[in-house]
Amino acid sequence: MSTQETTPDQRGFAPVTLDLGDALLRPWGRRTEVRGGAAAGLLAAAADPAIARWNPIRATDRAGAEAYLDRCDAGWAGGTTAAFAVIDAADGTLLGNSALRWVDRADGLAMIGYWLLPAARGRGLATRATRAVTDWGIATAGTRRIEIAHAVGNDTSCRVAERCGYPAEGTLRASHRYGDGTYHDEHLHARLATDPEPPVR
Ligand SMILES: CC(C)(COP(=O)(O)OP(=O)(O)OC[C@H]1O[C@@H](n2cnc3c(N)ncnc32)[C@H](O)[C@@H]1OP(=O)(O)O)[C@@H](O)C(=O)NCCC(=O)NCCS
């Protein structure tokens, strides 16, 4: 699946593209190839109401988007975050995002998050992308446990987590302040590196 080798050490990751066939997962950063430009794509995503509520990007102008992309580059270089843009393989348009962030790299503990632009929803792409990024994180970074936390009520995210082999473990009370400015209870899901692969639909 990988089109580029990753570094074997425990620090930075060599940015890698994962190929899903109809979509490419390209590392987010200043040089990400996106039709219309990576910064413009991020700003369009940031303006989507569902993304703004459940996965706010916190970039409102070009400078903010470029600062976001710089943080993505730094995440790859420092081995703290591996953020992938989901790109339409046919025309290069931005479809979404799936990103791993390490809570404790030495302990192998990471979290994963995802969003899709509205036109890309409802066809299993978030599930396929997040499964691919999960596999990459386990195989490449020695990740032991990956968590997904979503607000109670975000049922579509809950279903993505389940389909990606992250069973629900419990409810966290008022654990995160979302884009609506209020704290929400969250469902915690997690996948262990030792868990079996979930079935493909
Ligand atoms: C969360 C989010 C990424 C889910 O997107 P999605 O398109 O529903 O998720 P998937 O790509 O896995 O698609 C699954 C849907 O496609 C359908 N589908 C069609 N073909 C499919 C296939 N081959 N495999 C899996 N699902 C398929 C499923 O029925 C499913 O719909 P359902 O959940 O109503 O049953 C999207 O709603 C989003 O971006 N929301 C805003 C940001 C957000 O909430 N992020 C998560 C924060 S925790």
# chains A, B, ... in the order shown; residues from 1 in each chain; ligands from 1
$ select_by_dssp --residues "region 62-171 of chain A" --states "strand (DSSP E or B)" --output "JSON, numbers by chain"
{"A": [81, 82, 83, 84, 85, 86, 87, 88, 94, 95, 96, 97, 98, 99, 100, 101, 102, 103, 104, 109, 110, 111, 112, 113, 114, 115, 116, 145, 146, 147, 148, 149, 150, 151, 168, 169, 170, 171]}
$ write_last_selection --atoms "C-alpha atoms" --output "PDB file, in the first residue's frame"
ATOM      1  CA  THR A  81       1.347  13.525  14.453  1.00  0.00           C
ATOM      2  CA  ALA A  82       0.775  11.774  11.129  1.00  0.00           C
ATOM      3  CA  ALA A  83      -1.997  13.656   9.351  1.00  0.00           C
ATOM      4  CA  PHE A  84      -3.253  12.467   5.971  1.00  0.00           C
ATOM      5  CA  ALA A  85      -5.360  14.358   3.432  1.00  0.00           C
ATOM      6  CA  VAL A  86      -7.861  12.133   1.629  1.00  0.00           C
ATOM      7  CA  ILE A  87      -7.640  13.050  -2.053  1.00  0.00           C
ATOM      8  CA  ASP A  88      -9.745  11.915  -5.001  1.00  0.00           C
ATOM      9  CA  LEU A  94      -9.785  17.191  -1.351  1.00  0.00           C
ATOM     10  CA  LEU A  95     -12.260  14.736   0.177  1.00  0.00           C
ATOM     11  CA  GLY A  96     -11.264  14.552   3.819  1.00  0.00           C
ATOM     12  CA  ASN A  97      -8.760  13.866   6.549  1.00  0.00           C
ATOM     13  CA  SER A  98      -7.596  11.066   8.814  1.00  0.00           C
ATOM     14  CA  ALA A  99      -4.932  11.909  11.370  1.00  0.00           C
ATOM     15  CA  LEU A 100      -3.040  10.036  14.065  1.00  0.00           C
ATOM     16  CA  ARG A 101      -1.743  11.989  17.047  1.00  0.00           C
ATOM     17  CA  TRP A 102       0.463  10.382  19.637  1.00  0.00           C
ATOM     18  CA  VAL A 103      -0.465  10.972  23.261  1.00  0.00           C
ATOM     19  CA  ASP A 104       2.668   9.127  24.392  1.00  0.00           C
ATOM     20  CA  LEU A 109      -0.559   5.422  22.777  1.00  0.00           C
ATOM     21  CA  ALA A 110      -2.196   7.483  20.027  1.00  0.00           C
ATOM     22  CA  MET A 111      -5.553   8.985  19.063  1.00  0.00           C
ATOM     23  CA  ILE A 112      -7.121   9.150  15.634  1.00  0.00           C
ATOM     24  CA  GLY A 113      -9.537  11.691  14.193  1.00  0.00           C
ATOM     25  CA  TYR A 114     -11.277  12.111  10.837  1.00  0.00           C
ATOM     26  CA  TRP A 115     -13.565  14.281   8.781  1.00  0.00           C
ATOM     27  CA  LEU A 116     -14.958  14.216   5.273  1.00  0.00           C
ATOM     28  CA  ARG A 145      -3.301   1.331  21.423  1.00  0.00           C
ATOM     29  CA  ILE A 146      -5.219   3.890  19.356  1.00  0.00           C
ATOM     30  CA  GLU A 147      -8.225   5.726  20.799  1.00  0.00           C
ATOM     31  CA  ILE A 148     -11.176   7.476  19.192  1.00  0.00           C
ATOM     32  CA  ALA A 149     -13.273   9.843  21.278  1.00  0.00           C
ATOM     33  CA  HIS A 150     -16.449  11.295  19.813  1.00  0.00           C
ATOM     34  CA  ALA A 151     -19.217  13.357  21.329  1.00  0.00           C
ATOM     35  CA  ALA A 168     -16.728   1.299  22.686  1.00  0.00           C
ATOM     36  CA  GLU A 169     -15.168   1.155  26.141  1.00  0.00           C
ATOM     37  CA  GLY A 170     -17.248   3.665  28.070  1.00  0.00           C
ATOM     38  CA  THR A 171     -18.457   7.223  28.442  1.00  0.00           C
TER      39      THR A 171
END
$ residues_near_ligand --ligand "ligand 1" --cutoff "9 Å" --atoms "only C-alpha atoms and all ligand atoms" --output "tab-separated table (two decimals) with C-alpha atoms, in the first residue's frame"
chain	number	residue	atom	x	y	z
A	48	ASP	CA	-18.44	23.14	6.94
A	49	PRO	CA	-20.87	23.25	9.89
A	50	ALA	CA	-20.47	19.58	10.90
A	51	ILE	CA	-16.68	19.76	10.79
A	52	ALA	CA	-16.73	23.10	12.63
A	53	ARG	CA	-18.85	21.52	15.35
A	54	TRP	CA	-17.23	18.11	15.78
A	55	ASN	CA	-13.69	18.51	14.50
A	56	PRO	CA	-12.89	22.24	14.30
A	96	GLY	CA	-11.26	14.55	3.82
A	97	ASN	CA	-8.76	13.87	6.55
A	98	SER	CA	-7.60	11.07	8.81
A	112	ILE	CA	-7.12	9.15	15.63
A	113	GLY	CA	-9.54	11.69	14.19
A	114	TYR	CA	-11.28	12.11	10.84
A	115	TRP	CA	-13.57	14.28	8.78
A	116	LEU	CA	-14.96	14.22	5.27
A	117	LEU	CA	-16.29	17.05	3.17
A	118	PRO	CA	-20.06	16.63	2.68
A	119	ALA	CA	-19.84	15.32	-0.91
A	120	ALA	CA	-17.58	12.45	0.21
A	121	ARG	CA	-19.82	11.19	3.03
A	122	GLY	CA	-22.09	8.17	3.03
A	123	ARG	CA	-19.99	5.77	0.96
A	124	GLY	CA	-17.58	4.25	3.45
A	125	LEU	CA	-14.57	6.43	2.66
A	126	ALA	CA	-13.93	7.57	6.25
A	127	THR	CA	-13.96	3.95	7.32
A	128	ARG	CA	-11.52	2.87	4.62
A	129	ALA	CA	-9.18	5.81	5.21
A	130	THR	CA	-9.19	5.41	8.97
A	148	ILE	CA	-11.18	7.48	19.19
A	149	ALA	CA	-13.27	9.84	21.28
A	150	HIS	CA	-16.45	11.30	19.81
A	151	ALA	CA	-19.22	13.36	21.33
A	154	ASN	CA	-22.26	12.02	16.91
A	155	ASP	CA	-23.64	8.71	15.76
A	156	THR	CA	-21.97	8.73	12.34
A	157	SER	CA	-18.55	8.96	14.00
A	158	CYS	CA	-19.54	6.17	16.40
A	159	ARG	CA	-20.32	3.92	13.43
A	160	VAL	CA	-16.98	4.74	11.76
A	161	ALA	CA	-15.18	3.75	14.97
A	163	ARG	CA	-16.47	-0.37	11.53
A	164	CYS	CA	-12.75	0.31	11.98
A	200	VAL	CA	-14.54	-5.63	5.47
A	201	ARG	CA	-18.03	-4.69	4.36
$ residues_around --residues "Pro196 (chain A)" --least-positions-apart "4" --cutoff "10 Å" --atoms "only C-alpha atoms" --output "ChimeraX atom specification"
/A:165,191-192
$ write_last_selection --atoms "N, CA and C atoms" --output "mmCIF file, in the first residue's frame"
data_model
loop_
_atom_site.group_PDB
_atom_site.id
_atom_site.type_symbol
_atom_site.label_atom_id
_atom_site.label_comp_id
_atom_site.auth_asym_id
_atom_site.auth_seq_id
_atom_site.Cartn_x
_atom_site.Cartn_y
_atom_site.Cartn_z
ATOM 1 N N GLY A 165 -13.011 -1.284 13.803
ATOM 2 C CA GLY A 165 -12.501 -2.225 14.805
ATOM 3 C C GLY A 165 -12.123 -1.587 16.123
ATOM 4 N N ARG A 191 -8.701 0.663 19.791
ATOM 5 C CA ARG A 191 -8.234 -0.547 19.101
ATOM 6 C C ARG A 191 -6.829 -0.860 19.593
ATOM 7 N N LEU A 192 -6.603 -2.101 19.963
ATOM 8 C CA LEU A 192 -5.271 -2.560 20.360
ATOM 9 C C LEU A 192 -4.584 -3.175 19.145
#
$ select_by_dssp --residues "region 87-183 of chain A" --states "alpha helix (DSSP H)" --output "list in words"
Leu125, Ala126, Thr127, Arg128, Ala129, Thr130, Arg131, Ala132, Val133, Thr134, Asp135, Trp136, Gly137, Ile138, Ala139, Thr140, Ala141, Asp155, Thr156, Ser157, Cys158, Arg159, Val160, Ala161, Glu162 and Arg163 of chain A
